[in-house]
>>> print(open('structure.pdb').read())   # PDB, C-alpha atoms
ATOM      1  CA  ALA A   1      14.316 -25.001  17.146
ATOM      2  CA  GLU A   2      12.463 -26.597  14.277
ATOM      3  CA  ARG A   3       9.995 -24.522  12.305
ATOM      4  CA  GLY A   4       6.458 -25.693  11.597
ATOM      5  CA  HIS A   5       5.027 -26.156   8.143
ATOM      6  CA  GLY A   6       3.917 -22.523   7.914
ATOM      7  CA  GLY A   7       7.292 -21.323   9.172
ATOM      8  CA  ASN A   8       9.083 -23.344   6.486
ATOM      9  CA  GLU A   9       6.902 -21.807   3.768
ATOM     10  CA  LEU A  10       7.587 -18.281   5.028
ATOM     11  CA  ALA A  11      11.289 -18.980   5.318
ATOM     12  CA  GLU A  12      11.347 -20.295   1.756
ATOM     13  CA  ALA A  13       9.375 -17.305   0.468
ATOM     14  CA  SER A  14      11.686 -14.839   2.196
ATOM     15  CA  GLY A  15      14.866 -16.478   0.950
ATOM     16  CA  TRP A  16      16.032 -18.054   4.197
ATOM     17  CA  GLY A  17      17.958 -21.288   4.018
ATOM     18  CA  LYS A  18      18.983 -20.959   0.361
ATOM     19  CA  LYS A  19      21.564 -23.500  -0.721
ATOM     20  CA  LYS A  20      24.924 -22.091  -1.773
ATOM     21  CA  VAL A  21      26.186 -23.280  -5.111
ATOM     22  CA  ASN A  22      29.691 -23.511  -6.492
ATOM     23  CA  ASP A  23      31.009 -21.718  -9.553
ATOM     24  CA  ASN A  24      30.453 -24.699 -11.844
ATOM     25  CA  GLN A  25      26.713 -24.736 -11.118
ATOM     26  CA  ARG A  26      26.047 -20.997 -11.162
ATOM     27  CA  GLU A  27      25.553 -20.398 -14.866
ATOM     28  CA  GLN A  28      23.172 -23.339 -15.357
ATOM     29  CA  GLN A  29      21.101 -22.422 -12.308
ATOM     30  CA  PHE A  30      20.962 -18.785 -13.329
ATOM     31  CA  GLU A  31      19.130 -19.799 -16.500
ATOM     32  CA  LYS A  32      16.493 -21.480 -14.321
ATOM     33  CA  GLY A  33      15.963 -18.335 -12.269
ATOM     34  CA  TRP A  34      18.430 -18.691  -9.410
ATOM     35  CA  ASP A  35      19.843 -15.496  -7.950
ATOM     36  CA  CYS A  36      23.449 -16.077  -8.883
ATOM     37  CA  CYS A  37      25.681 -15.440 -11.859
ATOM     38  CA  HIS A  38      29.125 -15.975 -13.300
ATOM     39  CA  PHE A  39      29.589 -12.905 -15.424
ATOM     40  CA  ASN A  40      33.379 -12.468 -15.413
ATOM     41  CA  ARG A  41      33.729  -8.666 -15.370
ATOM     42  CA  ARG A  42      30.280  -8.198 -13.883
ATOM     43  CA  GLU A  43      31.070 -10.610 -11.068
ATOM     44  CA  GLN A  44      32.563  -7.806  -8.970
ATOM     45  CA  LEU A  45      29.528  -5.595  -9.518
ATOM     46  CA  LEU A  46      27.281  -8.461  -8.407
ATOM     47  CA  LYS A  47      29.308  -8.801  -5.205
ATOM     48  CA  ILE A  48      28.900  -5.087  -4.581
ATOM     49  CA  ILE A  49      25.107  -4.999  -4.921
ATOM     50  CA  LYS A  50      24.847  -8.159  -2.803
ATOM     51  CA  SER A  51      27.203  -6.870  -0.098
ATOM     52  CA  ARG A  52      26.025  -5.913   3.377
ATOM     53  CA  PRO A  53      27.386  -2.295   3.147
ATOM     54  CA  PHE A  54      25.406  -1.713  -0.054
ATOM     55  CA  GLU A  55      22.237  -3.098   1.532
ATOM     56  CA  LEU A  56      22.777  -0.990   4.656
ATOM     57  CA  THR A  57      23.329   2.157   2.568
ATOM     58  CA  THR A  58      20.153   1.486   0.589
ATOM     59  CA  ASN A  59      18.178   0.985   3.808
ATOM     60  CA  ILE A  60      19.477   4.253   5.247
ATOM     61  CA  VAL A  61      18.578   6.167   2.074
ATOM     62  CA  ILE A  62      15.075   4.625   2.009
ATOM     63  CA  ALA A  63      14.457   5.550   5.662
ATOM     64  CA  THR A  64      15.915   9.036   5.151
ATOM     65  CA  ASN A  65      13.656   9.533   2.132
ATOM     66  CA  ALA A  66      10.595   8.622   4.230
ATOM     67  CA  VAL A  67      11.599  11.048   7.023
ATOM     68  CA  PHE A  68      12.298  13.759   4.456
ATOM     69  CA  MET A  69       8.862  13.315   2.871
ATOM     70  CA  GLY A  70       7.180  13.647   6.276
ATOM     71  CA  TRP A  71       9.182  16.771   7.091
ATOM     72  CA  LYS A  72       8.398  18.402   3.746
ATOM     73  CA  ALA A  73       4.696  17.568   4.119
ATOM     74  CA  ASN A  74       4.655  19.358   7.504
ATOM     75  CA  VAL A  75       6.434  22.411   6.124
ATOM     76  CA  THR A  76       4.132  22.604   3.091
ATOM     77  CA  LEU A  77       1.054  22.232   5.299
ATOM     78  CA  GLY A  78       2.310  24.967   7.633
ATOM     79  CA  ALA A  79       2.625  27.330   4.662
ATOM     80  CA  ALA A  80      -0.893  26.409   3.509
ATOM     81  CA  ILE A  81      -2.286  27.105   7.014
ATOM     82  CA  GLU A  82      -0.645  30.529   6.961
ATOM     83  CA  ARG A  83      -2.023  31.022   3.428
ATOM     84  CA  GLU A  84       1.458  31.591   2.089
ATOM     85  CA  PRO A  85       2.834  30.091  -1.133
ATOM     86  CA  TYR A  86       5.492  27.455  -0.548
ATOM     87  CA  ASN A  87       8.617  27.728  -2.635
ATOM     88  CA  SER A  88      11.018  24.853  -2.137
ATOM     89  CA  PRO A  89      14.541  25.945  -1.082
ATOM     90  CA  PHE A  90      17.498  24.760  -3.115
ATOM     91  CA  MET A  91      18.461  22.057  -0.588
ATOM     92  CA  VAL A  92      14.937  20.596  -0.622
ATOM     93  CA  ASP A  93      14.968  20.302  -4.408
ATOM     94  CA  PHE A  94      18.490  18.911  -4.241
ATOM     95  CA  MET A  95      17.474  16.198  -1.754
ATOM     96  CA  GLU A  96      14.455  15.213  -3.854
ATOM     97  CA  ASN A  97      16.634  14.911  -6.946
ATOM     98  CA  PHE A  98      19.260  13.000  -4.958
ATOM     99  CA  PHE A  99      16.744  10.361  -3.869
ATOM    100  CA  THR A 100      15.428  10.004  -7.404
ATOM    101  CA  VAL A 101      18.935   9.630  -8.869
ATOM    102  CA  PHE A 102      20.067   7.220  -6.134
ATOM    103  CA  PHE A 103      17.201   4.775  -6.660
ATOM    104  CA  ALA A 104      17.508   5.070 -10.430
ATOM    105  CA  VAL A 105      21.246   4.269 -10.237
ATOM    106  CA  GLU A 106      20.562   1.319  -7.910
ATOM    107  CA  TRP A 107      18.034  -0.046 -10.395
ATOM    108  CA  LEU A 108      20.443   0.549 -13.285
ATOM    109  CA  LEU A 109      23.274  -1.326 -11.528
ATOM    110  CA  ARG A 110      21.051  -4.368 -11.077
ATOM    111  CA  LEU A 111      19.959  -4.145 -14.715
ATOM    112  CA  ILE A 112      23.597  -4.038 -15.854
ATOM    113  CA  VAL A 113      24.430  -7.132 -13.796
ATOM    114  CA  TYR A 114      21.428  -9.285 -14.694
ATOM    115  CA  GLN A 115      20.568  -7.875 -18.137
ATOM    116  CA  LYS A 116      18.261 -10.332 -19.943
ATOM    117  CA  TRP A 117      17.863 -12.325 -16.708
ATOM    118  CA  PHE A 118      16.605  -9.240 -14.859
ATOM    119  CA  PHE A 119      13.048 -10.580 -14.636
ATOM    120  CA  LYS A 120      14.048 -14.255 -14.359
ATOM    121  CA  VAL A 121      16.159 -14.402 -11.201
ATOM    122  CA  GLU A 122      14.818 -15.139  -7.736
ATOM    123  CA  ASP A 123      14.508 -11.402  -7.003
ATOM    124  CA  ARG A 124      12.471 -10.809 -10.174
ATOM    125  CA  LYS A 125       9.459  -9.573  -8.187
ATOM    126  CA  TRP A 126      11.606  -6.997  -6.428
ATOM    127  CA  HIS A 127      13.102  -6.007  -9.770
ATOM    128  CA  LEU A 128       9.618  -5.452 -11.172
ATOM    129  CA  PHE A 129       8.738  -3.468  -8.046
ATOM    130  CA  ASP A 130      11.873  -1.304  -8.463
ATOM    131  CA  THR A 131      11.144  -0.788 -12.156
ATOM    132  CA  ILE A 132       7.652   0.516 -11.389
ATOM    133  CA  LEU A 133       9.009   2.904  -8.738
ATOM    134  CA  VAL A 134      11.699   4.246 -11.066
ATOM    135  CA  MET A 135       9.113   4.758 -13.813
ATOM    136  CA  LEU A 136       6.858   6.634 -11.374
ATOM    137  CA  SER A 137       9.782   8.866 -10.391
ATOM    138  CA  LEU A 138      10.525   9.656 -14.030
ATOM    139  CA  ILE A 139       6.863  10.409 -14.718
ATOM    140  CA  GLU A 140       6.807  12.692 -11.670
ATOM    141  CA  ILE A 141       9.778  14.618 -13.036
ATOM    142  CA  ILE A 142       8.050  14.984 -16.405
ATOM    143  CA  ILE A 143       4.884  16.249 -14.699
ATOM    144  CA  LYS A 144       6.893  18.753 -12.635
ATOM    145  CA  VAL A 145       8.563  20.105 -15.769
ATOM    146  CA  ALA A 146       5.245  20.263 -17.642
ATOM    147  CA  ALA A 147       3.390  21.870 -14.718
ATOM    148  CA  GLY A 148       5.945  24.653 -14.407
ATOM    149  CA  SER A 149       4.870  26.963 -11.591
ATOM    150  CA  LEU A 150       1.807  24.803 -10.841
ATOM    151  CA  GLN A 151       3.804  22.361  -8.737
ATOM    152  CA  GLN A 152       0.945  21.332  -6.429
ATOM    153  CA  THR A 153      -1.275  19.476  -8.883
ATOM    154  CA  MET A 154      -3.357  16.554  -7.606
ATOM    155  CA  LEU A 155      -1.592  14.085  -9.918
ATOM    156  CA  LEU A 156       1.786  15.213  -8.606
ATOM    157  CA  ARG A 157       0.660  14.740  -5.007
ATOM    158  CA  ILE A 158      -0.463  11.187  -5.833
ATOM    159  CA  PHE A 159       2.963  10.347  -7.273
ATOM    160  CA  ARG A 160       4.676  11.797  -4.202
ATOM    161  CA  VAL A 161       2.561   9.666  -1.891
ATOM    162  CA  ALA A 162       3.357   6.642  -4.068
ATOM    163  CA  ARG A 163       7.004   7.072  -3.071
ATOM    164  CA  LEU A 164       6.116   5.799   0.393
ATOM    165  CA  VAL A 165       5.628   2.355  -1.143
ATOM    166  CA  ARG A 166       9.409   2.342  -1.454
ATOM    167  CA  LEU A 167       9.536   1.640   2.303
ATOM    168  CA  LEU A 168       8.552  -1.955   1.493
ATOM    169  CA  LYS A 169      12.002  -2.379  -0.027
ATOM    170  CA  ILE A 170      13.442  -2.457   3.484
ATOM    171  CA  ALA A 171      11.954  -5.937   3.831
ATOM    172  CA  ARG A 172      14.247  -7.046   1.036
ATOM    173  CA  TYR A 173      17.337  -6.340   3.109
ATOM    174  CA  LEU A 174      16.212  -7.265   6.618
ATOM    175  CA  THR A 175      18.357 -10.377   6.829
ATOM    176  CA  PHE A 176      19.430  -9.388  10.351
ATOM    177  CA  PHE A 177      15.805  -9.001  11.571
ATOM    178  CA  ARG A 178      14.594 -12.539  10.936
ATOM    179  CA  GLU A 179      11.247 -12.365  12.788
ATOM    180  CA  LEU A 180      10.313  -8.981  11.304
ATOM    181  CA  ARG A 181      11.124 -10.182   7.810
ATOM    182  CA  LEU A 182       9.004 -13.309   8.247
ATOM    183  CA  MET A 183       6.091 -11.177   9.501
ATOM    184  CA  ILE A 184       6.353  -8.824   6.510
ATOM    185  CA  PHE A 185       6.449 -11.668   4.001
ATOM    186  CA  GLY A 186       3.562 -13.362   5.821
ATOM    187  CA  LEU A 187       1.544 -10.152   5.468
ATOM    188  CA  ILE A 188       2.397  -9.889   1.771
ATOM    189  CA  ALA A 189       1.443 -13.538   1.236
ATOM    190  CA  SER A 190      -1.980 -12.896   2.806
ATOM    191  CA  LEU A 191      -2.799  -9.846   0.660
ATOM    192  CA  ARG A 192      -4.840 -11.892  -1.818
ATOM    193  CA  SER A 193      -7.048 -13.300   0.956
ATOM    194  CA  LEU A 194      -7.301  -9.827   2.482
ATOM    195  CA  LEU A 195      -8.442  -8.390  -0.856
ATOM    196  CA  TRP A 196     -11.214 -10.964  -1.200
ATOM    197  CA  SER A 197     -12.241 -10.290   2.399
ATOM    198  CA  PHE A 198     -12.716  -6.634   1.455
ATOM    199  CA  VAL A 199     -14.742  -7.669  -1.583
ATOM    200  CA  MET A 200     -16.946  -9.865   0.609
ATOM    201  CA  LEU A 201     -17.425  -7.080   3.154
ATOM    202  CA  ALA A 202     -18.288  -4.592   0.391
ATOM    203  CA  LEU A 203     -20.891  -7.008  -0.999
ATOM    204  CA  VAL A 204     -22.509  -7.487   2.424
ATOM    205  CA  VAL A 205     -22.540  -3.731   3.084
ATOM    206  CA  TYR A 206     -24.030  -3.036  -0.348
ATOM    207  CA  ILE A 207     -26.865  -5.531   0.106
ATOM    208  CA  PHE A 208     -27.806  -4.248   3.554
ATOM    209  CA  SER A 209     -27.505  -0.620   2.449
ATOM    210  CA  ILE A 210     -30.217  -1.173  -0.175
ATOM    211  CA  VAL A 211     -32.459  -2.684   2.510
ATOM    212  CA  PHE A 212     -32.068   0.359   4.753
ATOM    213  CA  VAL A 213     -32.575   2.761   1.857
ATOM    214  CA  GLN A 214     -35.947   1.078   1.432
ATOM    215  CA  ALA A 215     -36.638   1.850   5.092
ATOM    216  CA  ALA A 216     -35.749   5.497   4.487
ATOM    217  CA  ILE A 217     -38.059   5.590   1.455
ATOM    218  CA  ALA A 218     -40.895   4.183   3.525
ATOM    219  CA  TRP A 219     -40.336   6.807   6.206
ATOM    220  CA  LEU A 220     -39.963   9.778   3.856
ATOM    221  CA  GLN A 221     -43.061   8.828   1.830
ATOM    222  CA  GLN A 222     -45.346   9.061   4.846
ATOM    223  CA  ASP A 223     -48.123  11.623   4.398
ATOM    224  CA  ASP A 224     -48.674  12.334   8.063
ATOM    225  CA  TYR A 225     -45.782  13.635  10.150
ATOM    226  CA  ALA A 226     -47.998  14.772  13.008
ATOM    227  CA  GLY A 227     -46.326  14.117  16.322
ATOM    228  CA  LEU A 228     -43.048  13.121  14.697
ATOM    229  CA  PRO A 229     -39.951  15.284  15.118
ATOM    230  CA  GLU A 230     -38.743  16.999  11.941
ATOM    231  CA  GLN A 231     -35.188  16.213  12.981
ATOM    232  CA  LEU A 232     -35.865  12.510  12.430
ATOM    233  CA  ARG A 233     -36.659  13.131   8.776
ATOM    234  CA  ASP A 234     -33.400  15.046   8.413
ATOM    235  CA  ASP A 235     -31.542  12.193  10.117
ATOM    236  CA  TYR A 236     -32.875   9.707   7.567
ATOM    237  CA  ILE A 237     -31.660  11.948   4.745
ATOM    238  CA  GLU A 238     -28.278  12.402   6.446
ATOM    239  CA  TRP A 239     -27.618   8.726   7.204
ATOM    240  CA  PHE A 240     -29.663   6.831   4.583
ATOM    241  CA  GLY A 241     -30.188   9.486   1.891
ATOM    242  CA  SER A 242     -28.784   7.303  -0.902
ATOM    243  CA  THR A 243     -27.194   3.912  -1.443
ATOM    244  CA  GLN A 244     -23.687   5.414  -1.177
ATOM    245  CA  ILE A 245     -24.569   7.302   2.015
ATOM    246  CA  SER A 246     -26.171   4.178   3.454
ATOM    247  CA  MET A 247     -22.993   2.182   2.731
ATOM    248  CA  ARG A 248     -20.928   4.835   4.470
ATOM    249  CA  THR A 249     -23.287   4.707   7.458
ATOM    250  CA  LEU A 250     -22.928   0.942   7.732
ATOM    251  CA  LEU A 251     -19.135   1.258   7.653
ATOM    252  CA  VAL A 252     -19.280   3.979  10.309
ATOM    253  CA  ALA A 253     -21.443   1.741  12.489
ATOM    254  CA  ILE A 254     -18.920  -1.118  12.518
ATOM    255  CA  SER A 255     -15.745   0.965  12.755
ATOM    256  CA  GLY A 256     -16.518   2.948  15.899
ATOM    257  CA  GLY A 257     -17.348   6.156  14.046
ATOM    258  CA  THR A 258     -20.635   6.475  15.942
ATOM    259  CA  ASP A 259     -22.870   4.367  18.176
ATOM    260  CA  TRP A 260     -24.930   1.999  16.033
ATOM    261  CA  ILE A 261     -27.808   1.890  18.561
ATOM    262  CA  GLN A 262     -29.066   5.232  17.244
ATOM    263  CA  PHE A 263     -29.601   3.639  13.832
ATOM    264  CA  VAL A 264     -31.523   0.782  15.441
ATOM    265  CA  ASP A 265     -33.821   3.327  17.120
ATOM    266  CA  MET A 266     -34.336   5.185  13.824
ATOM    267  CA  LEU A 267     -35.159   2.027  11.882
ATOM    268  CA  GLU A 268     -37.473   0.732  14.594
ATOM    269  CA  LYS A 269     -39.724   3.747  14.062
ATOM    270  CA  VAL A 270     -40.314   2.489  10.510
ATOM    271  CA  SER A 271     -40.700  -1.169  11.462
ATOM    272  CA  PRO A 272     -39.205  -3.457  14.118
ATOM    273  CA  ILE A 273     -38.174  -5.747  11.262
ATOM    274  CA  TYR A 274     -35.671  -3.171   9.984
ATOM    275  CA  SER A 275     -34.116  -2.815  13.433
ATOM    276  CA  LEU A 276     -33.728  -6.585  13.665
ATOM    277  CA  ILE A 277     -32.126  -6.630  10.212
ATOM    278  CA  PHE A 278     -29.649  -3.985  11.356
ATOM    279  CA  ILE A 279     -28.772  -6.052  14.424
ATOM    280  CA  LEU A 280     -28.335  -9.063  12.118
ATOM    281  CA  TYR A 281     -25.922  -7.003  10.014
ATOM    282  CA  ILE A 282     -23.878  -6.066  13.104
ATOM    283  CA  MET A 283     -23.745  -9.698  14.230
ATOM    284  CA  LEU A 284     -22.760 -10.861  10.747
ATOM    285  CA  VAL A 285     -19.816  -8.508  10.226
ATOM    286  CA  PHE A 286     -18.517  -8.989  13.774
ATOM    287  CA  HIS A 287     -18.806 -12.796  13.643
TER     288      HIS A 287
END
>>> encode(input="structure.pdb", output="structure tokens")
Amino acid sequence: AERGHGGNELAEASGWGKKKVNDNQREQQFEKGWDCCHFNRREQLLKIIKSRPFELTTNIVIATNAVFMGWKANVTLGAAIEREPYNSPFMVDFMENFFTVFFAVEWLLRLIVYQKWFFKVEDRKWHLFDTILVMLSLIEIIIKVAAGSLQQTMLLRIFRVARLVRLLKIARYLTFFRELRLMIFGLIASLRSLLWSFVMLALVVYIFSIVFVQAAIAWLQQDDYAGLPEQLRDDYIEWFGSTQISMRTLLVAISGGTDWIQFVDMLEKVSPIYSLIFILYIMLVFH
């Protein structure tokens, strides 16, 4: 079946349908950024890192690393719940070091093959991605050595969570899952638009949060609270007590965290205009 225009773009982005070149063309095309080479002795190493067994092994190690991280997180949390210090057994430390060494060796093999073309070939974005991950792993090791017995520092936890990004590498090798690979690359291609959508949403939330903070100010500055429940004043402080809190409230209202009708009722006690503005906000973000 023929692909549409969007399908052709995704297929091109993901590497599908690449033309095979002969040996006479390889070296010239490599200079232009094609993912091929004619490196004499390094030719065999290139075949190895491009082979299906190597890709399958890398996928298995990536998936195993993700499962291992989840298991270790559960064990560490269980020790924290029991208020017991967690000391990693030898095998746990060995597995962590194994994953670090494996991915570092994989990166090094590619660097040996491509050398000065490492960031020029078609896979240059993946090479940059791998380089960042290897650097993070090395920094994590340095932090662990520097921290000594204080292994559970916040910075170290952040680097451990960053390892999960390595799961994206599976998309690089999913040549046998065509539809899944196209979906992943389509998602990656839309990240820029998604980022600007978040920026737009944050701007809308910020503007409306200032409006509702003004409503809270008007309510809290009243001199006469006769006949008004004290709980309502506390609710205004809880939900609209500052611009940051008001922004959080607006996000809660549109994400199912709580029923937004209660905020309409609160704002209507200040002025029906504020309740209408809140309804306008709901309609705007759900449009």
>>> residues_around(input="structure.pdb", residues="Lys269 of chain A", least_positions_apart="6", cutoff="10 Å", atoms="only C-alpha atoms", output="number ranges by chain")
A: 215, 219, 228, 232, 275
>>> atom_distance(input="structure.pdb", atom1="atom CA of Ile48 of chain A", atom2="atom CA of Ile188 of chain A")
27.7 Å
>>> residues_near_point(input="structure.pdb", point="(13.1, 13.5, 0.1)", cutoff="9 Å", atoms="all atoms listed in the file", output="list of chain:residue names")
A:Thr64, A:Asn65, A:Ala66, A:Val67, A:Phe68, A:Met69, A:Gly70, A:Trp71, A:Lys72, A:Val92, A:Asp93, A:Phe94, A:Met95, A:Glu96, A:Asn97, A:Phe98, A:Phe99, A:Thr100
>>> residues_around(input="structure.pdb", residues="segment 134-136 of chain A", least_positions_apart="3", cutoff="10 Å", atoms="only C-alpha atoms", output="PyMOL selection string")
chain A and resi 100-101+103-108+128-131+139-142+159-160+162-163
>>> residues_around(input="structure.pdb", residues="Ile277 of chain A", least_positions_apart="2", cutoff="12 Å", atoms="only C-alpha atoms", output="compact mmCIF listing (two decimals) with C-alpha atoms, keeping the file's coordinate frame")
# COMPACT_ATOMS: atom_id res chain seq x y z
CA ILE A 207 -26.86 -5.53 0.11
CA PHE A 208 -27.81 -4.25 3.55
CA SER A 209 -27.50 -0.62 2.45
CA ILE A 210 -30.22 -1.17 -0.18
CA VAL A 211 -32.46 -2.68 2.51
CA PHE A 212 -32.07 0.36 4.75
CA ALA A 215 -36.64 1.85 5.09
CA PHE A 263 -29.60 3.64 13.83
CA VAL A 264 -31.52 0.78 15.44
CA LEU A 267 -35.16 2.03 11.88
CA GLU A 268 -37.47 0.73 14.59
CA SER A 271 -40.70 -1.17 11.46
CA PRO A 272 -39.20 -3.46 14.12
CA ILE A 273 -38.17 -5.75 11.26
CA TYR A 274 -35.67 -3.17 9.98
CA SER A 275 -34.12 -2.82 13.43
CA ILE A 279 -28.77 -6.05 14.42
CA LEU A 280 -28.34 -9.06 12.12
CA TYR A 281 -25.92 -7.00 10.01
CA ILE A 282 -23.88 -6.07 13.10
CA MET A 283 -23.74 -9.70 14.23
CA LEU A 284 -22.76 -10.86 10.75
>>> decode(input="structure.pdb", residues="segment 54-62 of chain A", atoms="all heavy atoms", output="mmCIF file, in the first residue's frame")
data_model
loop_
_atom_site.group_PDB
_atom_site.id
_atom_site.type_symbol
_atom_site.label_atom_id
_atom_site.label_comp_id
_atom_site.auth_asym_id
_atom_site.auth_seq_id
_atom_site.Cartn_x
_atom_site.Cartn_y
_atom_site.Cartn_z
ATOM 1 N N PHE A 54 23.724 -7.869 17.280
ATOM 2 C CA PHE A 54 24.213 -6.787 18.134
ATOM 3 C C PHE A 54 23.065 -5.879 18.558
ATOM 4 O O PHE A 54 22.969 -5.474 19.728
ATOM 5 C CB PHE A 54 25.281 -5.977 17.388
ATOM 6 C CG PHE A 54 25.916 -4.901 18.212
ATOM 7 C CD1 PHE A 54 26.974 -5.182 19.048
ATOM 8 C CD2 PHE A 54 25.440 -3.585 18.154
ATOM 9 C CE1 PHE A 54 27.562 -4.180 19.821
ATOM 10 C CE2 PHE A 54 26.016 -2.587 18.917
ATOM 11 C CZ PHE A 54 27.086 -2.879 19.754
ATOM 12 N N GLU A 55 22.185 -5.552 17.621
ATOM 13 C CA GLU A 55 21.028 -4.714 17.941
ATOM 14 C C GLU A 55 20.115 -5.411 18.940
ATOM 15 O O GLU A 55 19.604 -4.784 19.877
ATOM 16 C CB GLU A 55 20.266 -4.378 16.661
ATOM 17 C CG GLU A 55 21.032 -3.487 15.696
ATOM 18 C CD GLU A 55 20.255 -3.205 14.419
ATOM 19 O OE1 GLU A 55 19.156 -3.810 14.263
ATOM 20 O OE2 GLU A 55 20.711 -2.408 13.596
ATOM 21 N N LEU A 56 19.886 -6.713 18.742
ATOM 22 C CA LEU A 56 19.031 -7.467 19.651
ATOM 23 C C LEU A 56 19.631 -7.509 21.053
ATOM 24 O O LEU A 56 18.927 -7.325 22.053
ATOM 25 C CB LEU A 56 18.824 -8.886 19.114
ATOM 26 C CG LEU A 56 17.932 -9.809 19.957
ATOM 27 C CD1 LEU A 56 16.528 -9.223 20.098
ATOM 28 C CD2 LEU A 56 17.879 -11.205 19.351
ATOM 29 N N THR A 57 20.946 -7.744 21.130
ATOM 30 C CA THR A 57 21.625 -7.767 22.436
ATOM 31 C C THR A 57 21.499 -6.422 23.148
ATOM 32 O O THR A 57 21.220 -6.361 24.353
ATOM 33 C CB THR A 57 23.108 -8.123 22.253
ATOM 34 O OG1 THR A 57 23.224 -9.395 21.614
ATOM 35 C CG2 THR A 57 23.817 -8.171 23.606
ATOM 36 N N THR A 58 21.687 -5.352 22.400
ATOM 37 C CA THR A 58 21.573 -4.006 22.985
ATOM 38 C C THR A 58 20.158 -3.762 23.503
ATOM 39 O O THR A 58 19.974 -3.216 24.590
ATOM 40 C CB THR A 58 21.945 -2.941 21.940
ATOM 41 O OG1 THR A 58 23.259 -3.187 21.462
ATOM 42 C CG2 THR A 58 21.891 -1.548 22.560
ATOM 43 N N ASN A 59 19.158 -4.176 22.721
ATOM 44 C CA ASN A 59 17.768 -4.020 23.157
ATOM 45 C C ASN A 59 17.501 -4.777 24.444
ATOM 46 O O ASN A 59 16.830 -4.279 25.363
ATOM 47 C CB ASN A 59 16.812 -4.511 22.069
ATOM 48 C CG ASN A 59 16.534 -3.450 21.030
ATOM 49 O OD1 ASN A 59 16.732 -2.270 21.277
ATOM 50 N ND2 ASN A 59 16.092 -3.855 19.873
ATOM 51 N N ILE A 60 17.995 -6.008 24.520
ATOM 52 C CA ILE A 60 17.780 -6.830 25.714
ATOM 53 C C ILE A 60 18.430 -6.186 26.935
ATOM 54 O O ILE A 60 17.836 -6.140 28.021
ATOM 55 C CB ILE A 60 18.333 -8.255 25.487
ATOM 56 C CG1 ILE A 60 17.494 -8.980 24.429
ATOM 57 C CG2 ILE A 60 18.346 -9.040 26.790
ATOM 58 C CD1 ILE A 60 18.046 -10.334 24.038
ATOM 59 N N VAL A 61 19.643 -5.666 26.759
ATOM 60 C CA VAL A 61 20.341 -5.026 27.888
ATOM 61 C C VAL A 61 19.605 -3.760 28.324
ATOM 62 O O VAL A 61 19.466 -3.493 29.526
ATOM 63 C CB VAL A 61 21.800 -4.703 27.500
ATOM 64 C CG1 VAL A 61 22.488 -3.916 28.615
ATOM 65 C CG2 VAL A 61 22.570 -5.991 27.229
ATOM 66 N N ILE A 62 19.105 -2.977 27.365
ATOM 67 C CA ILE A 62 18.355 -1.759 27.702
ATOM 68 C C ILE A 62 17.101 -2.110 28.503
ATOM 69 O O ILE A 62 16.805 -1.504 29.536
ATOM 70 C CB ILE A 62 17.980 -0.980 26.428
ATOM 71 C CG1 ILE A 62 19.226 -0.411 25.764
ATOM 72 C CG2 ILE A 62 17.014 0.153 26.756
ATOM 73 C CD1 ILE A 62 18.958 0.220 24.405
#
